[in-house]
$ cat upload-v2.cif   # mmCIF, C-alpha atoms
data_my_file
loop_
_atom_site.group_PDB
_atom_site.id
_atom_site.type_symbol
_atom_site.label_atom_id
_atom_site.label_comp_id
_atom_site.auth_asym_id
_atom_site.auth_seq_id
_atom_site.Cartn_x
_atom_site.Cartn_y
_atom_site.Cartn_z
ATOM 1 C CA MET T 1 0.000 0.000 0.000
ATOM 2 C CA ALA T 2 1.497 3.346 -1.078
ATOM 3 C CA LEU T 3 1.699 6.168 1.433
ATOM 4 C CA SER T 4 0.219 9.575 0.738
ATOM 5 C CA ALA T 5 2.514 12.611 0.830
ATOM 6 C CA ARG T 6 1.074 13.573 4.233
ATOM 7 C CA GLU T 7 1.731 10.100 5.657
ATOM 8 C CA SER T 8 5.276 10.075 4.274
ATOM 9 C CA VAL T 9 6.027 13.451 5.840
ATOM 10 C CA GLN T 10 4.545 12.303 9.132
ATOM 11 C CA GLN T 11 6.620 9.109 9.104
ATOM 12 C CA TRP T 12 9.774 11.123 8.435
ATOM 13 C CA ARG T 13 8.884 13.563 11.235
ATOM 14 C CA ILE T 14 8.335 10.720 13.722
ATOM 15 C CA TYR T 15 11.493 8.941 12.595
ATOM 16 C CA ARG T 16 13.541 12.129 13.016
ATOM 17 C CA TRP T 17 11.917 12.886 16.393
ATOM 18 C CA TRP T 18 12.814 9.424 17.727
ATOM 19 C CA ASN T 19 16.357 9.564 16.399
ATOM 20 C CA GLU T 20 16.972 12.984 17.933
ATOM 21 C CA ARG T 21 15.888 11.786 21.376
ATOM 22 C CA LEU T 22 17.132 8.246 21.596
ATOM 23 C CA THR T 23 20.578 6.758 21.562
ATOM 24 C CA GLU T 24 19.213 3.283 20.938
ATOM 25 C CA VAL T 25 16.545 2.203 18.482
ATOM 26 C CA PRO T 26 13.440 1.227 20.484
ATOM 27 C CA LEU T 27 12.303 -2.369 20.325
ATOM 28 C CA ILE T 28 8.648 -2.886 19.491
ATOM 29 C CA SER T 29 7.381 -6.393 20.258
ATOM 30 C CA ILE T 30 4.415 -7.586 18.214
ATOM 31 C CA VAL T 31 2.193 -10.409 19.494
ATOM 32 C CA ASP T 32 -0.481 -11.694 17.129
ATOM 33 C CA ASP T 33 -1.540 -15.201 16.122
ATOM 34 C CA ASP T 34 -2.217 -14.097 12.511
ATOM 35 C CA ASP T 35 1.004 -14.605 10.508
ATOM 36 C CA LEU T 36 0.127 -12.169 7.710
ATOM 37 C CA PHE T 37 -0.984 -9.421 10.045
ATOM 38 C CA ARG T 38 2.071 -9.884 12.269
ATOM 39 C CA ALA T 39 4.363 -9.540 9.242
ATOM 40 C CA ALA T 40 2.505 -6.427 8.005
ATOM 41 C CA ILE T 41 2.796 -4.674 11.371
ATOM 42 C CA GLU T 42 6.472 -5.650 11.593
ATOM 43 C CA LYS T 43 7.088 -4.075 8.181
ATOM 44 C CA LEU T 44 5.258 -0.895 9.214
ATOM 45 C CA VAL T 45 7.206 -0.615 12.496
ATOM 46 C CA LYS T 46 10.524 -1.105 10.694
ATOM 47 C CA SER T 47 9.554 1.517 8.094
ATOM 48 C CA LEU T 48 9.402 4.006 10.983
ATOM 49 C CA GLY T 49 13.021 3.265 11.842
ATOM 50 C CA LEU T 50 12.253 1.081 14.849
ATOM 51 C CA THR T 51 13.322 -2.450 15.683
ATOM 52 C CA ALA T 52 10.622 -5.135 15.751
ATOM 53 C CA ARG T 53 10.384 -8.658 17.138
ATOM 54 C CA THR T 54 7.357 -10.813 16.443
ATOM 55 C CA PHE T 55 5.674 -13.533 18.459
ATOM 56 C CA ALA T 56 2.837 -15.875 17.468
ATOM 57 C CA SER T 57 1.454 -16.094 21.009
ATOM 58 C CA ALA T 58 1.449 -14.354 24.362
ATOM 59 C CA GLU T 59 3.162 -17.374 25.856
ATOM 60 C CA SER T 60 6.065 -17.242 23.394
ATOM 61 C CA TYR T 61 6.545 -13.552 24.165
ATOM 62 C CA LEU T 62 6.523 -14.159 27.930
ATOM 63 C CA GLN T 63 9.110 -16.936 27.522
ATOM 64 C CA SER T 64 11.377 -14.808 25.329
ATOM 65 C CA SER T 65 14.458 -12.895 26.359
ATOM 66 C CA TRP T 66 12.968 -9.697 24.892
ATOM 67 C CA LEU T 67 10.671 -8.686 27.784
ATOM 68 C CA LYS T 68 13.187 -6.366 29.435
ATOM 69 C CA GLU T 69 14.182 -4.872 26.068
ATOM 70 C CA THR T 70 10.669 -4.066 24.847
ATOM 71 C CA HIS T 71 9.862 -0.340 24.681
ATOM 72 C CA CYS T 72 6.317 -0.891 23.389
ATOM 73 C CA LEU T 73 4.101 -3.926 22.858
ATOM 74 C CA ILE T 74 1.579 -4.224 20.043
ATOM 75 C CA ALA T 75 -0.801 -7.069 20.897
ATOM 76 C CA ASP T 76 -3.906 -8.608 19.427
ATOM 77 C CA VAL T 77 -6.821 -8.767 21.838
ATOM 78 C CA GLN T 78 -8.175 -12.166 20.806
ATOM 79 C CA MET T 79 -5.626 -14.976 20.677
ATOM 80 C CA PRO T 80 -5.806 -18.651 21.596
ATOM 81 C CA ASN T 81 -4.806 -19.730 25.119
ATOM 82 C CA MET T 82 -3.953 -16.241 26.469
ATOM 83 C CA SER T 83 -5.698 -13.079 25.283
ATOM 84 C CA GLY T 84 -4.031 -9.712 24.932
ATOM 85 C CA LEU T 85 -5.795 -8.493 28.084
ATOM 86 C CA GLU T 86 -4.530 -11.523 30.007
ATOM 87 C CA LEU T 87 -1.036 -10.761 28.708
ATOM 88 C CA GLN T 88 -1.385 -7.160 29.916
ATOM 89 C CA GLU T 89 -2.417 -8.414 33.366
ATOM 90 C CA ARG T 90 0.415 -10.966 33.489
ATOM 91 C CA LEU T 91 3.015 -8.342 32.558
ATOM 92 C CA SER T 92 1.705 -6.066 35.282
ATOM 93 C CA HIS T 93 1.898 -8.869 37.877
ATOM 94 C CA LEU T 94 5.471 -9.585 36.778
ATOM 95 C CA GLY T 95 6.347 -5.913 37.331
ATOM 96 C CA PHE T 96 6.727 -4.832 33.706
ATOM 97 C CA ASP T 97 5.477 -1.364 32.777
ATOM 98 C CA ILE T 98 5.462 -1.712 29.005
ATOM 99 C CA PRO T 99 3.217 0.636 27.001
ATOM 100 C CA ILE T 100 0.706 -1.498 25.077
ATOM 101 C CA ILE T 101 -1.121 -0.811 21.845
ATOM 102 C CA PHE T 102 -4.019 -3.232 21.407
ATOM 103 C CA ILE T 103 -5.411 -4.228 18.035
ATOM 104 C CA THR T 104 -8.573 -6.172 17.340
ATOM 105 C CA ALA T 105 -10.793 -7.246 14.495
ATOM 106 C CA TYR T 106 -13.693 -7.464 16.966
ATOM 107 C CA PRO T 107 -14.138 -4.036 18.602
ATOM 108 C CA ASN T 108 -15.970 -4.135 21.912
ATOM 109 C CA ASP T 109 -16.457 -1.073 24.122
ATOM 110 C CA ALA T 110 -16.234 -3.060 27.373
ATOM 111 C CA VAL T 111 -12.923 -4.650 26.328
ATOM 112 C CA ARG T 112 -11.592 -1.300 25.125
ATOM 113 C CA THR T 113 -12.485 0.352 28.437
ATOM 114 C CA LYS T 114 -10.850 -2.454 30.427
ATOM 115 C CA ALA T 115 -7.646 -2.234 28.360
ATOM 116 C CA ILE T 116 -7.406 1.570 28.562
ATOM 117 C CA ASN T 117 -8.196 1.577 32.306
ATOM 118 C CA ALA T 118 -5.379 -0.940 32.806
ATOM 119 C CA GLY T 119 -2.943 1.414 31.069
ATOM 120 C CA ALA T 120 -3.101 0.661 27.339
ATOM 121 C CA VAL T 121 -1.903 3.542 25.179
ATOM 122 C CA CYS T 122 -4.223 2.857 22.226
ATOM 123 C CA PHE T 123 -6.956 0.459 21.173
ATOM 124 C CA LEU T 124 -7.065 0.065 17.388
ATOM 125 C CA HIS T 125 -9.491 -1.743 15.098
ATOM 126 C CA LYS T 126 -8.272 -4.009 12.286
ATOM 127 C CA PRO T 127 -8.005 -3.066 9.484
ATOM 128 C CA LEU T 128 -9.362 0.519 9.442
ATOM 129 C CA ASP T 129 -7.204 2.073 12.180
ATOM 130 C CA LEU T 130 -4.114 0.475 10.671
ATOM 131 C CA GLN T 131 -4.348 2.551 7.519
ATOM 132 C CA GLY T 132 -2.860 6.004 7.693
ATOM 133 C CA PRO T 133 -1.029 7.569 10.609
ATOM 134 C CA ARG T 134 -2.867 5.959 13.579
ATOM 135 C CA VAL T 135 -0.230 3.310 14.356
ATOM 136 C CA ALA T 136 2.616 5.834 14.070
ATOM 137 C CA ASP T 137 0.747 8.257 16.338
ATOM 138 C CA CYS T 138 0.184 5.511 18.913
ATOM 139 C CA LEU T 139 3.834 4.455 18.776
ATOM 140 C CA GLN T 140 4.930 8.045 19.302
ATOM 141 C CA ALA T 141 2.580 8.338 22.308
ATOM 142 C CA ALA T 142 3.829 5.033 23.740
ATOM 143 C CA LEU T 143 7.497 5.909 23.343
ATOM 144 C CA SER T 144 6.928 9.392 24.785
ATOM 145 C CA ARG T 145 5.165 8.073 27.862
ATOM 146 C CA PRO T 146 7.159 8.350 31.056
ATOM 147 C CA LYS T 147 7.954 4.928 32.437
ATOM 148 C CA GLY T 148 6.319 4.029 35.706
ATOM 149 C CA PRO T 149 7.912 2.031 38.483
ATOM 150 C CA SER T 150 8.967 -1.471 37.606
ATOM 151 C CA LYS T 151 10.026 -4.297 39.884
ATOM 152 C CA VAL T 152 12.097 -5.745 37.085
ATOM 153 C CA THR T 153 15.837 -5.064 37.052
#
$ encode --input "upload-v2.cif" --output "structure tokens"
Amino acid sequence: MALSARESVQQWRIYRWWNERLTEVPLISIVDDDDLFRAAIEKLVKSLGLTARTFASAESYLQSSWLKETHCLIADVQMPNMSGLELQERLSHLGFDIPIIFITAYPNDAVRTKAINAGAVCFLHKPLDLQGPRVADCLQAALSRPKGPSKVT
């Protein structure tokens, strides 16, 4: 999908903003059970000059060595075995304060409210909110957010 001139300028602005403020390239972890969607989000994140790691399940992410390195998590809401909301709760119990951007093909106001109240940065709907600057705006908000206390060292 080709970017409009406005989207290209916005991506460059965000890329430049991050590079001016950070000495390391932030790691964005992507957790989604849909292979094609996971690859598309990874490509988008990398196009913004960020590093991305992908995981097919919440469990594989939790077992990875990337938890402490993750600057932002993009997670699907509905996944087998452990949902995105359950992953958010588990991370909180483990002491991780990772900004989370939720994505879902099945928008639900009650789920959205629960996710946002638990600290999610954004709650996006597949595929409409993933076209245009919404993901980049959410990533900028997540990476700009001051980190809260974390028990993890």
$ closest_residue --input "upload-v2.cif" --among "T:Asp129, T:Glu59, T:Glu24, T:Asp34" --to "Arg90 (chain T)" --atoms "all atoms listed in the file"
T:Glu59
$ closest_residue --input "upload-v2.cif" --among "T:Arg134, T:Ala56, T:Leu67, T:Pro127" --to "Gly95 (chain T)" --atoms "all atoms listed in the file"
T:Leu67
$ resolve_selection --input "upload-v2.cif" --expression "the PyMOL selection byres ((chain T and resi 81) around 12)" --output "list in words"
Asp33, Ala56, Ser57, Ala58, Glu59, Ser60, Val77, Gln78, Met79, Pro80, Met82, Ser83, Gly84, Leu85, Glu86 and Leu87 of chain T
$ atom_distance --input "upload-v2.cif" --atom1 "CA of Leu44 (chain T)" --atom2 "CA of Gln140 (chain T)"
13.5 Å
$ residues_around --input "upload-v2.cif" --residues "Leu130 (chain T)" --least-positions-apart "5" --cutoff "12 Å" --atoms "all atoms listed in the file" --output "list in words"
Met1, Phe37, Ala40, Ile41, Leu44, Val45, Ile74, Ile101, Phe102, Ile103, Thr104, Ala105, Cys122, Phe123, Leu124, His125, Val135, Ala136, Asp137 and Cys138 of chain T
$ write_last_selection --input "upload-v2.cif" --atoms "C-alpha atoms" --output "mmCIF file, in the frame of the given file"
data_model
loop_
_atom_site.group_PDB
_atom_site.id
_atom_site.type_symbol
_atom_site.label_atom_id
_atom_site.label_comp_id
_atom_site.auth_asym_id
_atom_site.auth_seq_id
_atom_site.Cartn_x
_atom_site.Cartn_y
_atom_site.Cartn_z
ATOM 1 C CA MET T 1 0.000 0.000 0.000
ATOM 2 C CA PHE T 37 -0.984 -9.421 10.045
ATOM 3 C CA ALA T 40 2.505 -6.427 8.005
ATOM 4 C CA ILE T 41 2.796 -4.674 11.371
ATOM 5 C CA LEU T 44 5.258 -0.895 9.214
ATOM 6 C CA VAL T 45 7.206 -0.615 12.496
ATOM 7 C CA ILE T 74 1.579 -4.224 20.043
ATOM 8 C CA ILE T 101 -1.121 -0.811 21.845
ATOM 9 C CA PHE T 102 -4.019 -3.232 21.407
ATOM 10 C CA ILE T 103 -5.411 -4.228 18.035
ATOM 11 C CA THR T 104 -8.573 -6.172 17.340
ATOM 12 C CA ALA T 105 -10.793 -7.246 14.495
ATOM 13 C CA CYS T 122 -4.223 2.857 22.226
ATOM 14 C CA PHE T 123 -6.956 0.459 21.173
ATOM 15 C CA LEU T 124 -7.065 0.065 17.388
ATOM 16 C CA HIS T 125 -9.491 -1.743 15.098
ATOM 17 C CA VAL T 135 -0.230 3.310 14.356
ATOM 18 C CA ALA T 136 2.616 5.834 14.070
ATOM 19 C CA ASP T 137 0.747 8.257 16.338
ATOM 20 C CA CYS T 138 0.184 5.511 18.913
#
$ residues_near_point --input "upload-v2.cif" --point "(-2.4, 2.5, 28.4)" --cutoff "7 Å" --atoms "only C-alpha atoms" --output "PyMOL selection string"
chain T and resi 99-100+116+118-122
$ atom_distance --input "upload-v2.cif" --atom1 "CA of Lys46 (chain T)" --atom2 "CA of Leu94 (chain T)"
27.9 Å
$ closest_residue --input "upload-v2.cif" --among "T:Asp109, T:Ala115, T:Thr54, T:Glu69" --to "Leu36 (chain T)" --atoms "only C-alpha atoms"
T:Thr54
$ closest_residue --input "upload-v2.cif" --among "T:Ala142, T:Gly49, T:Val111, T:Tyr106" --to "Leu128 (chain T)" --atoms "all atoms listed in the file"
T:Tyr106
$ resolve_selection --input "upload-v2.cif" --expression "the PyMOL selection byres ((chain T and resi 50) around 8)" --output "ChimeraX atom specification"
/T:25-28,45-49,51-52
$ write_last_selection --input "upload-v2.cif" --atoms "C-alpha atoms" --output "PDB file, in the coordinates of the input"
ATOM      1  CA  VAL T  25      16.545   2.203  18.482  1.00  0.00           C
ATOM      2  CA  PRO T  26      13.440   1.227  20.484  1.00  0.00           C
ATOM      3  CA  LEU T  27      12.303  -2.369  20.325  1.00  0.00           C
ATOM      4  CA  ILE T  28       8.648  -2.886  19.491  1.00  0.00           C
ATOM      5  CA  VAL T  45       7.206  -0.615  12.496  1.00  0.00           C
ATOM      6  CA  LYS T  46      10.524  -1.105  10.694  1.00  0.00           C
ATOM      7  CA  SER T  47       9.554   1.517   8.094  1.00  0.00           C
ATOM      8  CA  LEU T  48       9.402   4.006  10.983  1.00  0.00           C
ATOM      9  CA  GLY T  49      13.021   3.265  11.842  1.00  0.00           C
ATOM     10  CA  THR T  51      13.322  -2.450  15.683  1.00  0.00           C
ATOM     11  CA  ALA T  52      10.622  -5.135  15.751  1.00  0.00           C
TER      12      ALA T  52
END
$ atom_distance --input "upload-v2.cif" --atom1 "CA of Ile98 (chain T)" --atom2 "CA of Ala110 (chain T)"
21.8 Å
$ closest_residue --input "upload-v2.cif" --among "T:Ile30, T:Arg38, T:His71, T:Thr113" --to "Leu143 (chain T)" --atoms "all atoms listed in the file"
T:His71
$ decode --input "upload-v2.cif" --residues "region 13-151 of chain T" --atoms "C-alpha atoms" --output "PDB file, in the first residue's frame"
ATOM      1  CA  ARG T  13       8.884  13.563  11.235  1.00  0.00           C
ATOM      2  CA  ILE T  14       8.335  10.720  13.722  1.00  0.00           C
ATOM      3  CA  TYR T  15      11.493   8.941  12.595  1.00  0.00           C
ATOM      4  CA  ARG T  16      13.541  12.129  13.016  1.00  0.00           C
ATOM      5  CA  TRP T  17      11.917  12.886  16.393  1.00  0.00           C
ATOM      6  CA  TRP T  18      12.814   9.424  17.727  1.00  0.00           C
ATOM      7  CA  ASN T  19      16.357   9.564  16.399  1.00  0.00           C
ATOM      8  CA  GLU T  20      16.972  12.984  17.933  1.00  0.00           C
ATOM      9  CA  ARG T  21      15.888  11.786  21.376  1.00  0.00           C
ATOM     10  CA  LEU T  22      17.132   8.246  21.596  1.00  0.00           C
ATOM     11  CA  THR T  23      20.578   6.758  21.562  1.00  0.00           C
ATOM     12  CA  GLU T  24      19.213   3.283  20.938  1.00  0.00           C
ATOM     13  CA  VAL T  25      16.545   2.203  18.482  1.00  0.00           C
ATOM     14  CA  PRO T  26      13.440   1.227  20.484  1.00  0.00           C
ATOM     15  CA  LEU T  27      12.303  -2.369  20.325  1.00  0.00           C
ATOM     16  CA  ILE T  28       8.648  -2.886  19.491  1.00  0.00           C
ATOM     17  CA  SER T  29       7.381  -6.393  20.258  1.00  0.00           C
ATOM     18  CA  ILE T  30       4.415  -7.586  18.214  1.00  0.00           C
ATOM     19  CA  VAL T  31       2.193 -10.409  19.494  1.00  0.00           C
ATOM     20  CA  ASP T  32      -0.481 -11.694  17.129  1.00  0.00           C
ATOM     21  CA  ASP T  33      -1.540 -15.201  16.122  1.00  0.00           C
ATOM     22  CA  ASP T  34      -2.217 -14.097  12.511  1.00  0.00           C
ATOM     23  CA  ASP T  35       1.004 -14.605  10.508  1.00  0.00           C
ATOM     24  CA  LEU T  36       0.127 -12.169   7.710  1.00  0.00           C
ATOM     25  CA  PHE T  37      -0.984  -9.421  10.045  1.00  0.00           C
ATOM     26  CA  ARG T  38       2.071  -9.884  12.269  1.00  0.00           C
ATOM     27  CA  ALA T  39       4.363  -9.540   9.242  1.00  0.00           C
ATOM     28  CA  ALA T  40       2.505  -6.427   8.005  1.00  0.00           C
ATOM     29  CA  ILE T  41       2.796  -4.674  11.371  1.00  0.00           C
ATOM     30  CA  GLU T  42       6.472  -5.650  11.593  1.00  0.00           C
ATOM     31  CA  LYS T  43       7.088  -4.075   8.181  1.00  0.00           C
ATOM     32  CA  LEU T  44       5.258  -0.895   9.214  1.00  0.00           C
ATOM     33  CA  VAL T  45       7.206  -0.615  12.496  1.00  0.00           C
ATOM     34  CA  LYS T  46      10.524  -1.105  10.694  1.00  0.00           C
ATOM     35  CA  SER T  47       9.554   1.517   8.094  1.00  0.00           C
ATOM     36  CA  LEU T  48       9.402   4.006  10.983  1.00  0.00           C
ATOM     37  CA  GLY T  49      13.021   3.265  11.842  1.00  0.00           C
ATOM     38  CA  LEU T  50      12.253   1.081  14.849  1.00  0.00           C
ATOM     39  CA  THR T  51      13.322  -2.450  15.683  1.00  0.00           C
ATOM     40  CA  ALA T  52      10.622  -5.135  15.751  1.00  0.00           C
ATOM     41  CA  ARG T  53      10.384  -8.658  17.138  1.00  0.00           C
ATOM     42  CA  THR T  54       7.357 -10.813  16.443  1.00  0.00           C
ATOM     43  CA  PHE T  55       5.674 -13.533  18.459  1.00  0.00           C
ATOM     44  CA  ALA T  56       2.837 -15.875  17.468  1.00  0.00           C
ATOM     45  CA  SER T  57       1.454 -16.094  21.009  1.00  0.00           C
ATOM     46  CA  ALA T  58       1.449 -14.354  24.362  1.00  0.00           C
ATOM     47  CA  GLU T  59       3.162 -17.374  25.856  1.00  0.00           C
ATOM     48  CA  SER T  60       6.065 -17.242  23.394  1.00  0.00           C
ATOM     49  CA  TYR T  61       6.545 -13.552  24.165  1.00  0.00           C
ATOM     50  CA  LEU T  62       6.523 -14.159  27.930  1.00  0.00           C
ATOM     51  CA  GLN T  63       9.110 -16.936  27.522  1.00  0.00           C
ATOM     52  CA  SER T  64      11.377 -14.808  25.329  1.00  0.00           C
ATOM     53  CA  SER T  65      14.458 -12.895  26.359  1.00  0.00           C
ATOM     54  CA  TRP T  66      12.968  -9.697  24.892  1.00  0.00           C
ATOM     55  CA  LEU T  67      10.671  -8.686  27.784  1.00  0.00           C
ATOM     56  CA  LYS T  68      13.187  -6.366  29.435  1.00  0.00           C
ATOM     57  CA  GLU T  69      14.182  -4.872  26.068  1.00  0.00           C
ATOM     58  CA  THR T  70      10.669  -4.066  24.847  1.00  0.00           C
ATOM     59  CA  HIS T  71       9.862  -0.340  24.681  1.00  0.00           C
ATOM     60  CA  CYS T  72       6.317  -0.891  23.389  1.00  0.00           C
ATOM     61  CA  LEU T  73       4.101  -3.926  22.858  1.00  0.00           C
ATOM     62  CA  ILE T  74       1.579  -4.224  20.043  1.00  0.00           C
ATOM     63  CA  ALA T  75      -0.801  -7.069  20.897  1.00  0.00           C
ATOM     64  CA  ASP T  76      -3.906  -8.608  19.427  1.00  0.00           C
ATOM     65  CA  VAL T  77      -6.821  -8.767  21.838  1.00  0.00           C
ATOM     66  CA  GLN T  78      -8.175 -12.166  20.806  1.00  0.00           C
ATOM     67  CA  MET T  79      -5.626 -14.976  20.677  1.00  0.00           C
ATOM     68  CA  PRO T  80      -5.806 -18.651  21.596  1.00  0.00           C
ATOM     69  CA  ASN T  81      -4.806 -19.730  25.119  1.00  0.00           C
ATOM     70  CA  MET T  82      -3.953 -16.241  26.469  1.00  0.00           C
ATOM     71  CA  SER T  83      -5.698 -13.079  25.283  1.00  0.00           C
ATOM     72  CA  GLY T  84      -4.031  -9.712  24.932  1.00  0.00           C
ATOM     73  CA  LEU T  85      -5.795  -8.493  28.084  1.00  0.00           C
ATOM     74  CA  GLU T  86      -4.530 -11.523  30.007  1.00  0.00           C
ATOM     75  CA  LEU T  87      -1.036 -10.761  28.708  1.00  0.00           C
ATOM     76  CA  GLN T  88      -1.385  -7.160  29.916  1.00  0.00           C
ATOM     77  CA  GLU T  89      -2.417  -8.414  33.366  1.00  0.00           C
ATOM     78  CA  ARG T  90       0.415 -10.966  33.489  1.00  0.00           C
ATOM     79  CA  LEU T  91       3.015  -8.342  32.558  1.00  0.00           C
ATOM     80  CA  SER T  92       1.705  -6.066  35.282  1.00  0.00           C
ATOM     81  CA  HIS T  93       1.898  -8.869  37.877  1.00  0.00           C
ATOM     82  CA  LEU T  94       5.471  -9.585  36.778  1.00  0.00           C
ATOM     83  CA  GLY T  95       6.347  -5.913  37.331  1.00  0.00           C
ATOM     84  CA  PHE T  96       6.727  -4.832  33.706  1.00  0.00           C
ATOM     85  CA  ASP T  97       5.477  -1.364  32.777  1.00  0.00           C
ATOM     86  CA  ILE T  98       5.462  -1.712  29.005  1.00  0.00           C
ATOM     87  CA  PRO T  99       3.217   0.636  27.001  1.00  0.00           C
ATOM     88  CA  ILE T 100       0.706  -1.498  25.077  1.00  0.00           C
ATOM     89  CA  ILE T 101      -1.121  -0.811  21.845  1.00  0.00           C
ATOM     90  CA  PHE T 102      -4.019  -3.232  21.407  1.00  0.00           C
ATOM     91  CA  ILE T 103      -5.411  -4.228  18.035  1.00  0.00           C
ATOM     92  CA  THR T 104      -8.573  -6.172  17.340  1.00  0.00           C
ATOM     93  CA  ALA T 105     -10.793  -7.246  14.495  1.00  0.00           C
ATOM     94  CA  TYR T 106     -13.693  -7.464  16.966  1.00  0.00           C
ATOM     95  CA  PRO T 107     -14.138  -4.036  18.602  1.00  0.00           C
ATOM     96  CA  ASN T 108     -15.970  -4.135  21.912  1.00  0.00           C
ATOM     97  CA  ASP T 109     -16.457  -1.073  24.122  1.00  0.00           C
ATOM     98  CA  ALA T 110     -16.234  -3.060  27.373  1.00  0.00           C
ATOM     99  CA  VAL T 111     -12.923  -4.650  26.328  1.00  0.00           C
ATOM    100  CA  ARG T 112     -11.592  -1.300  25.125  1.00  0.00           C
ATOM    101  CA  THR T 113     -12.485   0.352  28.437  1.00  0.00           C
ATOM    102  CA  LYS T 114     -10.850  -2.454  30.427  1.00  0.00           C
ATOM    103  CA  ALA T 115      -7.646  -2.234  28.360  1.00  0.00           C
ATOM    104  CA  ILE T 116      -7.406   1.570  28.562  1.00  0.00           C
ATOM    105  CA  ASN T 117      -8.196   1.577  32.306  1.00  0.00           C
ATOM    106  CA  ALA T 118      -5.379  -0.940  32.806  1.00  0.00           C
ATOM    107  CA  GLY T 119      -2.943   1.414  31.069  1.00  0.00           C
ATOM    108  CA  ALA T 120      -3.101   0.661  27.339  1.00  0.00           C
ATOM    109  CA  VAL T 121      -1.903   3.542  25.179  1.00  0.00           C
ATOM    110  CA  CYS T 122      -4.223   2.857  22.226  1.00  0.00           C
ATOM    111  CA  PHE T 123      -6.956   0.459  21.173  1.00  0.00           C
ATOM    112  CA  LEU T 124      -7.065   0.065  17.388  1.00  0.00           C
ATOM    113  CA  HIS T 125      -9.491  -1.743  15.098  1.00  0.00           C
ATOM    114  CA  LYS T 126      -8.272  -4.009  12.286  1.00  0.00           C
ATOM    115  CA  PRO T 127      -8.005  -3.066   9.484  1.00  0.00           C
ATOM    116  CA  LEU T 128      -9.362   0.519   9.442  1.00  0.00           C
ATOM    117  CA  ASP T 129      -7.204   2.073  12.180  1.00  0.00           C
ATOM    118  CA  LEU T 130      -4.114   0.475  10.671  1.00  0.00           C
ATOM    119  CA  GLN T 131      -4.348   2.551   7.519  1.00  0.00           C
ATOM    120  CA  GLY T 132      -2.860   6.004   7.693  1.00  0.00           C
ATOM    121  CA  PRO T 133      -1.029   7.569  10.609  1.00  0.00           C
ATOM    122  CA  ARG T 134      -2.867   5.959  13.579  1.00  0.00           C
ATOM    123  CA  VAL T 135      -0.230   3.310  14.356  1.00  0.00           C
ATOM    124  CA  ALA T 136       2.616   5.834  14.070  1.00  0.00           C
ATOM    125  CA  ASP T 137       0.747   8.257  16.338  1.00  0.00           C
ATOM    126  CA  CYS T 138       0.184   5.511  18.913  1.00  0.00           C
ATOM    127  CA  LEU T 139       3.834   4.455  18.776  1.00  0.00           C
ATOM    128  CA  GLN T 140       4.930   8.045  19.302  1.00  0.00           C
ATOM    129  CA  ALA T 141       2.580   8.338  22.308  1.00  0.00           C
ATOM    130  CA  ALA T 142       3.829   5.033  23.740  1.00  0.00           C
ATOM    131  CA  LEU T 143       7.497   5.909  23.343  1.00  0.00           C
ATOM    132  CA  SER T 144       6.928   9.392  24.785  1.00  0.00           C
ATOM    133  CA  ARG T 145       5.165   8.073  27.862  1.00  0.00           C
ATOM    134  CA  PRO T 146       7.159   8.350  31.056  1.00  0.00           C
ATOM    135  CA  LYS T 147       7.954   4.928  32.437  1.00  0.00           C
ATOM    136  CA  GLY T 148       6.319   4.029  35.706  1.00  0.00           C
ATOM    137  CA  PRO T 149       7.912   2.031  38.483  1.00  0.00           C
ATOM    138  CA  SER T 150       8.967  -1.471  37.606  1.00  0.00           C
ATOM    139  CA  LYS T 151      10.026  -4.297  39.884  1.00  0.00           C
TER     140      LYS T 151
END
